[in-house]
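Structure below is upload_25.cif: mmCIF, C-alpha atoms.
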data_entry
loop_
_atom_site.group_PDB
_atom_site.id
_atom_site.type_symbol
_atom_site.label_atom_id
_atom_site.label_comp_id
_atom_site.auth_asym_id
_atom_site.auth_seq_id
_atom_site.Cartn_x
_atom_site.Cartn_y
_atom_site.Cartn_z
ATOM 1 C CA MET A 30 61.225 -48.423 38.696
ATOM 2 C CA PHE A 31 60.480 -48.831 34.983
ATOM 3 C CA ALA A 32 56.976 -50.127 35.754
ATOM 4 C CA ARG A 33 56.343 -47.146 38.010
ATOM 5 C CA LEU A 34 57.442 -44.666 35.348
ATOM 6 C CA SER A 35 55.281 -46.457 32.765
ATOM 7 C CA LEU A 36 52.298 -46.230 35.082
ATOM 8 C CA ILE A 37 52.841 -42.499 35.532
ATOM 9 C CA ALA A 38 53.110 -42.075 31.746
ATOM 10 C CA ALA A 39 49.869 -43.996 31.243
ATOM 11 C CA VAL A 40 48.081 -41.813 33.786
ATOM 12 C CA ALA A 41 49.389 -38.679 32.090
ATOM 13 C CA THR A 42 48.187 -39.930 28.718
ATOM 14 C CA VAL A 43 44.699 -40.688 29.988
ATOM 15 C CA VAL A 44 44.424 -37.337 31.756
ATOM 16 C CA SER A 45 45.701 -35.437 28.709
ATOM 17 C CA LEU A 46 42.941 -37.058 26.638
ATOM 18 C CA GLY A 47 40.396 -35.913 29.178
ATOM 19 C CA ALA A 48 39.211 -39.469 29.680
ATOM 20 C CA TYR A 49 38.240 -38.954 33.301
ATOM 21 C CA PRO A 50 35.518 -37.805 33.070
ATOM 22 C CA ASN A 51 35.105 -35.567 30.012
ATOM 23 C CA THR A 52 35.396 -38.055 27.149
ATOM 24 C CA ALA A 53 32.021 -39.468 28.110
ATOM 25 C CA GLN A 54 30.594 -36.003 27.579
ATOM 26 C CA ALA A 55 30.234 -35.522 23.841
ATOM 27 C CA GLY A 56 27.396 -35.265 21.374
ATOM 28 C CA PRO A 57 26.811 -35.864 17.650
ATOM 29 C CA VAL A 58 26.763 -32.745 15.464
ATOM 30 C CA PHE A 59 25.645 -32.516 11.801
ATOM 31 C CA LEU A 60 25.959 -29.092 10.153
ATOM 32 C CA THR A 61 25.016 -28.611 6.518
ATOM 33 C CA GLY A 62 24.875 -25.868 3.912
ATOM 34 C CA HIS A 63 22.188 -27.912 2.171
ATOM 35 C CA ASP A 64 18.512 -27.329 2.940
ATOM 36 C CA PRO A 65 17.129 -30.882 2.972
ATOM 37 C CA ASP A 66 14.028 -29.811 4.907
ATOM 38 C CA PHE A 67 12.951 -27.861 1.794
ATOM 39 C CA HIS A 68 14.095 -30.311 -0.877
ATOM 40 C CA ALA A 69 12.840 -33.423 0.942
ATOM 41 C CA GLN A 70 9.385 -32.266 -0.076
ATOM 42 C CA GLY A 71 10.151 -33.251 -3.665
ATOM 43 C CA SER A 72 13.516 -35.041 -3.812
ATOM 44 C CA ALA A 73 14.290 -38.613 -2.773
ATOM 45 C CA GLY A 74 17.971 -37.698 -2.412
ATOM 46 C CA ALA A 75 17.210 -34.871 0.021
ATOM 47 C CA GLN A 76 14.994 -37.246 1.978
ATOM 48 C CA ASN A 77 17.976 -39.592 2.355
ATOM 49 C CA LEU A 78 20.157 -36.676 3.463
ATOM 50 C CA LEU A 79 17.593 -35.545 6.024
ATOM 51 C CA ARG A 80 17.233 -39.081 7.384
ATOM 52 C CA SER A 81 21.002 -39.516 7.581
ATOM 53 C CA GLY A 82 21.538 -36.303 9.520
ATOM 54 C CA LEU A 83 18.641 -36.808 11.914
ATOM 55 C CA SER A 84 19.590 -40.441 12.505
ATOM 56 C CA PHE A 85 23.158 -39.437 13.359
ATOM 57 C CA VAL A 86 22.248 -36.720 15.862
ATOM 58 C CA THR A 87 19.528 -38.758 17.593
ATOM 59 C CA GLY A 88 21.467 -42.011 17.792
ATOM 60 C CA GLY A 89 19.043 -43.633 15.355
ATOM 61 C CA THR A 90 15.874 -42.794 17.295
ATOM 62 C CA TYR A 91 14.549 -39.940 15.115
ATOM 63 C CA ASN A 92 11.752 -42.146 13.680
ATOM 64 C CA ASP A 93 11.026 -44.194 16.792
ATOM 65 C CA ALA A 94 7.342 -43.912 17.708
ATOM 66 C CA ASN A 95 7.787 -45.607 21.100
ATOM 67 C CA PRO A 96 6.287 -43.254 23.724
ATOM 68 C CA GLY A 97 9.336 -43.877 25.937
ATOM 69 C CA THR A 98 11.799 -42.603 23.325
ATOM 70 C CA PRO A 99 12.785 -38.930 23.702
ATOM 71 C CA LYS A 100 11.621 -36.689 20.877
ATOM 72 C CA PHE A 101 13.906 -34.315 19.026
ATOM 73 C CA LEU A 102 13.278 -30.566 18.966
ATOM 74 C CA TRP A 103 12.598 -28.822 15.643
ATOM 75 C CA VAL A 104 13.362 -25.063 15.571
ATOM 76 C CA GLU A 105 11.388 -23.076 12.974
ATOM 77 C CA SER A 106 9.180 -20.006 12.712
ATOM 78 C CA SER A 107 5.399 -20.280 12.517
ATOM 79 C CA ILE A 108 5.021 -17.233 10.216
ATOM 80 C CA PRO A 109 2.930 -17.447 7.038
ATOM 81 C CA ILE A 110 4.997 -19.013 4.250
ATOM 82 C CA PRO A 111 6.563 -16.346 1.980
ATOM 83 C CA GLY A 112 7.206 -16.892 -1.725
ATOM 84 C CA GLY A 113 10.150 -19.147 -2.528
ATOM 85 C CA HIS A 114 9.928 -20.978 0.803
ATOM 86 C CA LEU A 115 8.258 -24.078 2.191
ATOM 87 C CA ARG A 116 7.606 -24.982 5.796
ATOM 88 C CA GLY A 117 10.627 -27.072 6.737
ATOM 89 C CA GLU A 118 8.563 -29.199 9.093
ATOM 90 C CA ASN A 119 6.830 -30.600 6.019
ATOM 91 C CA GLY A 120 10.183 -32.140 5.087
ATOM 92 C CA LEU A 121 9.946 -34.146 8.315
ATOM 93 C CA ILE A 122 6.465 -35.246 7.335
ATOM 94 C CA ALA A 123 7.777 -36.225 3.885
ATOM 95 C CA ILE A 124 10.137 -38.761 5.492
ATOM 96 C CA GLY A 125 7.325 -40.269 7.512
ATOM 97 C CA LEU A 126 7.636 -38.447 10.839
ATOM 98 C CA THR A 127 4.805 -37.202 13.013
ATOM 99 C CA SER A 128 4.467 -35.197 16.213
ATOM 100 C CA THR A 129 5.106 -38.391 18.161
ATOM 101 C CA GLN A 130 8.777 -38.031 17.166
ATOM 102 C CA TYR A 131 9.415 -34.274 17.436
ATOM 103 C CA ASP A 132 8.206 -31.014 18.934
ATOM 104 C CA VAL A 133 8.334 -27.651 17.125
ATOM 105 C CA VAL A 134 9.406 -24.367 18.745
ATOM 106 C CA ASN A 135 9.616 -20.862 17.312
ATOM 107 C CA ALA A 136 11.645 -17.963 18.722
ATOM 108 C CA ALA A 137 9.192 -17.239 21.542
ATOM 109 C CA ALA A 138 9.158 -20.818 22.837
ATOM 110 C CA LEU A 139 12.872 -21.272 22.205
ATOM 111 C CA ALA A 140 13.721 -18.845 24.980
ATOM 112 C CA THR A 141 12.522 -21.170 27.725
ATOM 113 C CA VAL A 142 12.451 -24.684 26.248
ATOM 114 C CA ASP A 143 14.285 -27.348 28.266
ATOM 115 C CA PHE A 144 16.787 -28.874 25.839
ATOM 116 C CA SER A 145 17.540 -31.734 28.213
ATOM 117 C CA SER A 146 14.084 -33.195 27.516
ATOM 118 C CA TYR A 147 15.132 -33.982 23.936
ATOM 119 C CA SER A 148 17.520 -36.300 22.121
ATOM 120 C CA ALA A 149 18.629 -33.552 19.719
ATOM 121 C CA ILE A 150 18.049 -30.001 18.564
ATOM 122 C CA ALA A 151 17.297 -29.761 14.826
ATOM 123 C CA VAL A 152 17.285 -26.358 13.118
ATOM 124 C CA ALA A 153 15.323 -25.626 9.945
ATOM 125 C CA SER A 154 16.934 -23.844 7.001
ATOM 126 C CA SER A 155 16.410 -20.141 6.420
ATOM 127 C CA PHE A 156 16.001 -20.710 2.655
ATOM 128 C CA GLY A 157 13.866 -22.480 1.705
ATOM 129 C CA GLY A 158 12.643 -23.409 5.242
ATOM 130 C CA LEU A 159 11.349 -20.864 7.730
ATOM 131 C CA LEU A 160 14.206 -20.165 10.122
ATOM 132 C CA THR A 161 13.939 -16.404 10.682
ATOM 133 C CA ARG A 162 16.294 -13.926 12.287
ATOM 134 C CA ALA A 163 14.299 -14.237 15.511
ATOM 135 C CA GLU A 164 15.027 -17.982 15.810
ATOM 136 C CA LEU A 165 18.673 -17.539 14.829
ATOM 137 C CA ASP A 166 19.178 -14.818 17.431
ATOM 138 C CA GLY A 167 17.283 -16.949 19.949
ATOM 139 C CA LEU A 168 19.647 -19.861 19.339
ATOM 140 C CA ILE A 169 22.646 -17.547 19.676
ATOM 141 C CA ALA A 170 21.272 -16.256 22.990
ATOM 142 C CA ARG A 171 21.349 -19.854 24.224
ATOM 143 C CA THR A 172 24.825 -20.712 22.930
ATOM 144 C CA ALA A 173 26.052 -21.767 26.372
ATOM 145 C CA ASP A 174 22.985 -23.974 26.898
ATOM 146 C CA ILE A 175 23.499 -25.609 23.501
ATOM 147 C CA ALA A 176 27.154 -26.311 24.300
ATOM 148 C CA ALA A 177 26.171 -27.857 27.637
ATOM 149 C CA PHE A 178 23.528 -29.958 25.882
ATOM 150 C CA ILE A 179 26.056 -31.291 23.342
ATOM 151 C CA ASN A 180 28.665 -31.924 26.030
ATOM 152 C CA ALA A 181 26.091 -33.964 27.944
ATOM 153 C CA GLY A 182 25.486 -36.178 24.891
ATOM 154 C CA GLY A 183 22.715 -34.320 23.053
ATOM 155 C CA GLY A 184 22.748 -33.991 19.274
ATOM 156 C CA LEU A 185 22.591 -30.952 16.991
ATOM 157 C CA PHE A 186 21.412 -30.825 13.362
ATOM 158 C CA ALA A 187 21.455 -27.478 11.517
ATOM 159 C CA SER A 188 20.494 -26.731 7.900
ATOM 160 C CA ALA A 189 21.460 -23.915 5.517
ATOM 161 C CA GLU A 190 21.416 -20.349 6.802
ATOM 162 C CA CYS A 191 21.344 -18.205 3.700
ATOM 163 C CA TYR A 192 22.553 -14.590 3.720
ATOM 164 C CA PRO A 193 22.675 -12.752 1.465
ATOM 165 C CA CYS A 194 20.953 -15.005 -1.025
ATOM 166 C CA GLY A 195 17.459 -15.352 -2.377
ATOM 167 C CA ALA A 196 14.424 -14.153 -0.486
ATOM 168 C CA ASN A 197 16.102 -14.727 2.849
ATOM 169 C CA LEU A 198 14.510 -14.367 6.275
ATOM 170 C CA LEU A 199 17.629 -13.346 8.161
ATOM 171 C CA ALA A 200 17.772 -9.617 7.415
ATOM 172 C CA GLY A 201 17.979 -7.245 10.365
ATOM 173 C CA PRO A 202 19.690 -4.142 11.687
ATOM 174 C CA THR A 203 23.030 -5.995 11.678
ATOM 175 C CA THR A 204 24.529 -8.759 9.560
ATOM 176 C CA PRO A 205 23.343 -12.122 10.889
ATOM 177 C CA ASP A 206 25.866 -14.361 12.598
ATOM 178 C CA LEU A 207 25.298 -17.512 10.559
ATOM 179 C CA PHE A 208 25.522 -20.700 12.666
ATOM 180 C CA GLY A 209 26.487 -18.322 15.481
ATOM 181 C CA PHE A 210 25.253 -20.733 18.159
ATOM 182 C CA VAL A 211 28.263 -23.023 17.519
ATOM 183 C CA PRO A 212 32.000 -22.190 17.239
ATOM 184 C CA LEU A 213 32.197 -22.456 13.455
ATOM 185 C CA PRO A 214 34.312 -19.900 11.568
ATOM 186 C CA GLY A 215 34.452 -19.649 7.794
ATOM 187 C CA VAL A 216 30.741 -19.832 6.924
ATOM 188 C CA LEU A 217 30.348 -18.942 3.239
ATOM 189 C CA ALA A 218 27.433 -18.051 0.981
ATOM 190 C CA VAL A 219 27.760 -20.066 -2.235
ATOM 191 C CA GLY A 220 25.944 -20.467 -5.524
ATOM 192 C CA ALA A 221 23.134 -22.952 -5.473
ATOM 193 C CA SER A 222 24.503 -25.147 -8.244
ATOM 194 C CA GLY A 223 26.765 -28.201 -7.875
ATOM 195 C CA PRO A 224 28.024 -30.646 -8.597
ATOM 196 C CA PHE A 225 28.598 -31.566 -4.963
ATOM 197 C CA ALA A 226 30.804 -34.576 -4.262
ATOM 198 C CA VAL A 227 30.438 -36.936 -1.308
ATOM 199 C CA THR A 228 33.741 -37.697 0.434
ATOM 200 C CA ALA A 229 34.892 -41.109 1.638
ATOM 201 C CA ALA A 230 33.728 -40.144 5.151
ATOM 202 C CA GLY A 231 30.291 -39.197 3.831
ATOM 203 C CA ALA A 232 29.928 -42.439 1.872
ATOM 204 C CA ALA A 233 30.901 -44.578 4.867
ATOM 205 C CA ALA A 234 28.727 -45.657 7.797
ATOM 206 C CA PRO A 235 26.929 -44.220 9.644
ATOM 207 C CA PHE A 236 26.101 -41.635 6.935
ATOM 208 C CA ASN A 237 26.003 -43.801 3.777
ATOM 209 C CA LEU A 238 25.500 -40.793 1.503
ATOM 210 C CA THR A 239 25.743 -40.785 -2.289
ATOM 211 C CA ASN A 240 26.223 -37.903 -4.705
ATOM 212 C CA ALA A 241 22.521 -38.161 -5.562
ATOM 213 C CA ASP A 242 21.670 -37.307 -1.949
ATOM 214 C CA VAL A 243 23.540 -33.982 -1.942
ATOM 215 C CA ASN A 244 22.973 -32.563 -5.416
ATOM 216 C CA ASP A 245 19.895 -30.469 -4.868
ATOM 217 C CA PRO A 246 20.654 -26.725 -4.825
ATOM 218 C CA THR A 247 22.404 -25.483 -1.684
ATOM 219 C CA HIS A 248 23.244 -22.191 0.004
ATOM 220 C CA ASN A 249 26.262 -22.428 2.340
ATOM 221 C CA ALA A 250 29.706 -23.884 2.430
ATOM 222 C CA PHE A 251 32.392 -23.853 5.098
ATOM 223 C CA ASP A 252 35.895 -22.630 4.288
ATOM 224 C CA ILE A 253 37.907 -25.841 4.150
ATOM 225 C CA SER A 254 40.921 -24.122 5.719
ATOM 226 C CA THR A 255 38.941 -23.286 8.879
ATOM 227 C CA VAL A 256 37.053 -26.554 9.389
ATOM 228 C CA PRO A 257 37.748 -27.825 12.940
ATOM 229 C CA ALA A 258 39.781 -31.026 12.974
ATOM 230 C CA ALA A 259 37.138 -32.644 15.163
ATOM 231 C CA LEU A 260 34.555 -32.510 12.353
ATOM 232 C CA ALA A 261 34.628 -34.736 9.271
ATOM 233 C CA VAL A 262 33.857 -33.256 5.850
ATOM 234 C CA LEU A 263 31.053 -35.305 4.273
ATOM 235 C CA ASP A 264 30.784 -33.504 0.933
ATOM 236 C CA THR A 265 32.361 -30.631 -0.952
ATOM 237 C CA GLN A 266 31.306 -28.014 -3.493
ATOM 238 C CA PRO A 267 33.076 -27.210 -6.790
ATOM 239 C CA GLY A 268 35.410 -24.720 -5.082
ATOM 240 C CA GLY A 269 36.661 -27.460 -2.761
ATOM 241 C CA ASN A 270 35.013 -26.107 0.371
ATOM 242 C CA ALA A 271 33.007 -28.280 2.763
ATOM 243 C CA VAL A 272 29.209 -28.399 2.634
ATOM 244 C CA ILE A 273 28.421 -30.957 5.361
ATOM 245 C CA LEU A 274 30.386 -31.297 8.602
ATOM 246 C CA ALA A 275 29.739 -33.982 11.198
ATOM 247 C CA GLY A 276 31.333 -35.549 14.218
ATOM 248 C CA ASN A 277 30.983 -36.701 17.802
ATOM 249 C CA VAL A 278 32.393 -33.714 19.659
ATOM 250 C CA ARG A 279 32.628 -31.585 22.751
ATOM 251 C CA ILE A 280 32.507 -27.809 22.752
ATOM 252 C CA GLY A 281 35.304 -26.395 24.884
ATOM 253 C CA ASP A 282 37.188 -23.131 25.233
ATOM 254 C CA GLY A 283 38.942 -23.878 21.951
ATOM 255 C CA GLY A 284 35.747 -24.676 20.047
ATOM 256 C CA PHE A 285 34.865 -28.114 18.731
ATOM 257 C CA GLU A 286 37.023 -30.816 20.289
ATOM 258 C CA GLY A 287 37.265 -34.447 19.268
ATOM 259 C CA VAL A 288 37.108 -37.281 21.773
ATOM 260 C CA PRO A 289 38.798 -40.693 21.713
ATOM 261 C CA GLU A 290 36.703 -43.555 20.372
ATOM 262 C CA PRO A 291 35.325 -45.904 23.058
ATOM 263 C CA ALA A 292 37.643 -48.663 21.817
ATOM 264 C CA THR A 293 40.639 -46.393 22.331
ATOM 265 C CA LEU A 294 39.549 -45.624 25.879
ATOM 266 C CA ALA A 295 39.043 -49.322 26.568
ATOM 267 C CA LEU A 296 42.600 -50.047 25.442
ATOM 268 C CA LEU A 297 43.901 -47.230 27.624
ATOM 269 C CA GLY A 298 41.993 -48.669 30.555
ATOM 270 C CA LEU A 299 43.491 -52.119 29.969
ATOM 271 C CA ALA A 300 46.971 -50.633 29.708
ATOM 272 C CA PHE A 301 46.412 -48.698 32.916
ATOM 273 C CA ALA A 302 45.225 -51.814 34.750
ATOM 274 C CA GLY A 303 48.080 -53.907 33.373
ATOM 275 C CA LEU A 304 50.736 -51.416 34.395
ATOM 276 C CA GLY A 305 49.210 -51.153 37.848
ATOM 277 C CA PHE A 306 49.384 -54.949 38.199
ATOM 278 C CA ALA A 307 53.017 -54.926 37.037
ATOM 279 C CA ARG A 308 53.846 -52.276 39.634
ATOM 280 C CA ARG A 309 52.212 -54.298 42.421
ATOM 281 C CA ARG A 310 54.214 -57.382 41.406
ATOM 282 C CA LYS A 311 57.411 -55.308 41.403
ATOM 283 C CA LEU A 312 56.681 -53.991 44.903
ATOM 284 C CA HIS A 313 56.112 -57.505 46.186
#

Starting from the file, lay out its structure as structure tokens.
Amino acid sequence: MFARLSLIAAVATVVSLGAYPNTAQAGPVFLTGHDPDFHAQGSAGAQNLLRSGLSFVTGGTYNDANPGTPKFLWVESSIPIPGGHLRGENGLIAIGLTSTQYDVVNAAALATVDFSSYSAIAVASSFGGLLTRAELDGLIARTADIAAFINAGGGLFASAECYPCGANLLAGPTTPDLFGFVPLPGVLAVGASGPFAVTAAGAAAPFNLTNADVNDPTHNAFDISTVPAALAVLDTQPGGNAVILAGNVRIGDGGFEGVPEPATLALLGLAFAGLGFARRRKLH
């Protein structure tokens, strides 16, 4: 009887964790108030930050030139470069990437692009990269597709979306919904100056960030009181709010959801099998 009750409890635990089948459906997300696409064009630290984020969301394949490796998708406008901005794609070039590793789409192409063809979606900054209101609204229009892409294992990297600050590109008839393509409350506009401090999670693998990597000027933070539990804070600004958030997550009805680590699921599977064996022995 005890073995049977234990088996039922184990099943309930596994189901409550969503292990069958949903825990296999999660993707890596890296959201930052920094604009490493801009600063990578002149800062070794920003280059490290850009590499770290792209490596995380692509599972380490962002710089793989093998024709069989899926590219990542870079979202950025193709408008002429206004004063105070740089083309964010040139930050990719600064870290040694070429068109063999990524494709670029603007708002027009974004409407119909097949996300499933890519390892990750990477979004340029609005200051100083060239993410305009058209691309932001285009991403928001595809919120459900982006969630499905992440839940199927795809990655998402998104840089600073600045409003109102500097010569921004996000003005429109309404206030822009910053990072509105993901369920992320508490997006803040912050002063560009640090110092920014890497957390223990940011310094650890797989990110391996240092303070030197995050101390170029920045434009967003995320209210620390609203950061989803499923996302780790990788660095903070002087006010104590988060500047980089990352995690392997699902997007569900409640927003970002964490998933058990594979090792945890393996242990649950062993426990399940062991309890089933104990029950069979009891019945015989």

Expected selection from the PyMOL selection byres ((chain A and resi 126) around 12), given as a list of chain:residue names: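 Output from the PyMOL selection byres ((chain A and resi 126) around 12), applied to this file: A:Gln76, A:Leu79, A:Arg80, A:Leu83, A:Thr90, A:Tyr91, A:Asn92, A:Asp93, A:Ala94, A:Lys100, A:Phe101, A:Trp103, A:Glu118, A:Asn119, A:Gly120, A:Leu121, A:Ile122, A:Ala123, A:Ile124, A:Gly125, A:Thr127, A:Ser128, A:Thr129, A:Gln130, A:Tyr131, A:Asp132.
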
Result set of the PyMOL selection byres ((chain A and resi 206) around 12) on the coordinates above, as a count of residues only: 31

Residue members of the PyMOL selection byres ((chain A and resi 115) around 6) in the file shown, as a list in words: His114, Arg116, Gly117, Gly157 and Gly158 of chain A

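Distances to Ala151 in chain A were evaluated for A:Pro99, A:Gly82, A:Gly223, A:Gly195 using all atoms listed in the file, and the minimum falls at A:Gly82.
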
Residue neighbourhood Ala189 in chain A, 6 Å, only C-alpha atoms, exclusion window fewer than 5 positions, as number ranges by chain: A: 61-64, 154, 249

Proximity to Ile179 in chain A - best of A:Val86, A:Ala73, A:Ala226, A:Ala153, all atoms listed in the file: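 Using all atoms listed in the file, Ile179 in chain A sits closest to A:Val86.
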
Among listed residues A:Thr172, A:Leu102, A:Gly56, A:Ile110, nearest Asn135 in chain A (using only C-alpha atoms): A:Leu102

Nearest-residue call for Pro57 in chain A, choices A:Ala149, A:Val219, A:Ala69, A:Leu238, using all atoms listed in the file: A:Ala149

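The spacing separating CA of Pro257 in chain A from CA of Ala241 in chain A amounts to 26.1 Å.
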
Residue neighbourhood Phe225 in chain A, 6 Å, all atoms listed in the file, exclusion window fewer than 3 positions, as a ChimeraX atom specification: /A:244,265-266

Selected residues written out with C-alpha atoms, as a short mmCIF file (atom, residue, chain, number, x, y, z; two decimals), keeping the file's coordinate frame:
data_model
loop_
_atom_site.label_atom_id
_atom_site.label_comp_id
_atom_site.auth_asym_id
_atom_site.auth_seq_id
_atom_site.Cartn_x
_atom_site.Cartn_y
_atom_site.Cartn_z
CA ASN A 244 22.97 -32.56 -5.42
CA THR A 265 32.36 -30.63 -0.95
CA GLN A 266 31.31 -28.01 -3.49
#

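Proximity ranking of A:Pro65, A:Gly269, A:Gly276, A:Gly113 relative to Thr228 in chain A places A:Gly269 first, based on only C-alpha atoms.
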
Two-atom distance - CA of Leu160 in chain A, CA of Phe85 in chain A (Å):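 Result for CA of Leu160 in chain A versus CA of Phe85 in chain A: 21.5 Å, one decimal.
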
Nearest to Ala234 in chain A by atom-to-atom distance, counting only C-alpha atoms, from A:Leu263, A:Val133, A:Val142, A:Ala181: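 Residue with the minimum atom-to-atom distance to Ala234 in chain A: A:Leu263.
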
Interatomic distance (Å, one decimal) between CA of Arg279 in chain A and CA of Thr87 in chain A: 15.8 Å

Near-Ala177 in chain A list (12 Å; only C-alpha atoms; drop same-chain fewer than 4 positions) as a ChimeraX atom specification: /A:54-56,143-145,171-173,181-185,210-211,278-281

Generate the coordinates of N, CA and C atoms for range 253-273 of chain A; report them as a compact mmCIF listing (two decimals), keeping the file's coordinate frame.
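Saved as out-v1.txt:
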# COMPACT_ATOMS: atom_id res chain seq x y z
N ILE A 253 37.23 -24.59 3.81
CA ILE A 253 37.91 -25.84 4.15
C ILE A 253 39.13 -25.60 5.03
N SER A 254 39.72 -24.41 4.93
CA SER A 254 40.92 -24.12 5.72
C SER A 254 40.60 -23.83 7.18
N THR A 255 39.32 -23.61 7.50
CA THR A 255 38.94 -23.29 8.88
C THR A 255 38.12 -24.39 9.54
N VAL A 256 37.87 -25.48 8.82
CA VAL A 256 37.05 -26.55 9.39
C VAL A 256 37.76 -27.16 10.60
N PRO A 257 37.11 -27.23 11.76
CA PRO A 257 37.75 -27.82 12.94
C PRO A 257 38.14 -29.28 12.68
N ALA A 258 39.29 -29.66 13.19
CA ALA A 258 39.78 -31.03 12.97
C ALA A 258 38.84 -32.07 13.55
N ALA A 259 38.04 -31.69 14.53
CA ALA A 259 37.14 -32.64 15.16
C ALA A 259 35.94 -33.01 14.29
N LEU A 260 35.70 -32.25 13.21
CA LEU A 260 34.56 -32.51 12.35
C LEU A 260 35.00 -33.08 11.02
N ALA A 261 34.34 -34.13 10.57
CA ALA A 261 34.63 -34.74 9.27
C ALA A 261 33.88 -33.98 8.18
N VAL A 262 34.50 -33.85 7.03
CA VAL A 262 33.86 -33.26 5.85
C VAL A 262 33.15 -34.38 5.09
N LEU A 263 31.82 -34.25 4.91
CA LEU A 263 31.05 -35.30 4.27
C LEU A 263 30.80 -35.05 2.79
N ASP A 264 30.81 -33.79 2.37
CA ASP A 264 30.78 -33.50 0.93
C ASP A 264 31.38 -32.13 0.68
N THR A 265 31.72 -31.89 -0.57
CA THR A 265 32.36 -30.63 -0.95
C THR A 265 31.66 -30.03 -2.16
N GLN A 266 31.86 -28.71 -2.35
CA GLN A 266 31.31 -28.01 -3.49
C GLN A 266 32.40 -27.80 -4.54
N PRO A 267 32.07 -27.30 -5.73
CA PRO A 267 33.08 -27.21 -6.79
C PRO A 267 34.34 -26.44 -6.40
N GLY A 268 34.23 -25.47 -5.51
CA GLY A 268 35.41 -24.72 -5.08
C GLY A 268 36.28 -25.46 -4.10
N GLY A 269 35.87 -26.65 -3.69
CA GLY A 269 36.66 -27.46 -2.76
C GLY A 269 36.33 -27.24 -1.30
N ASN A 270 35.39 -26.34 -1.02
CA ASN A 270 35.01 -26.11 0.37
C ASN A 270 34.00 -27.14 0.84
N ALA A 271 33.89 -27.28 2.16
CA ALA A 271 33.01 -28.28 2.76
C ALA A 271 31.56 -27.80 2.72
N VAL A 272 30.63 -28.74 2.59
CA VAL A 272 29.21 -28.40 2.63
C VAL A 272 28.52 -29.09 3.81
N ILE A 273 28.95 -30.28 4.17
CA ILE A 273 28.42 -30.96 5.36
C ILE A 273 29.58 -31.28 6.29
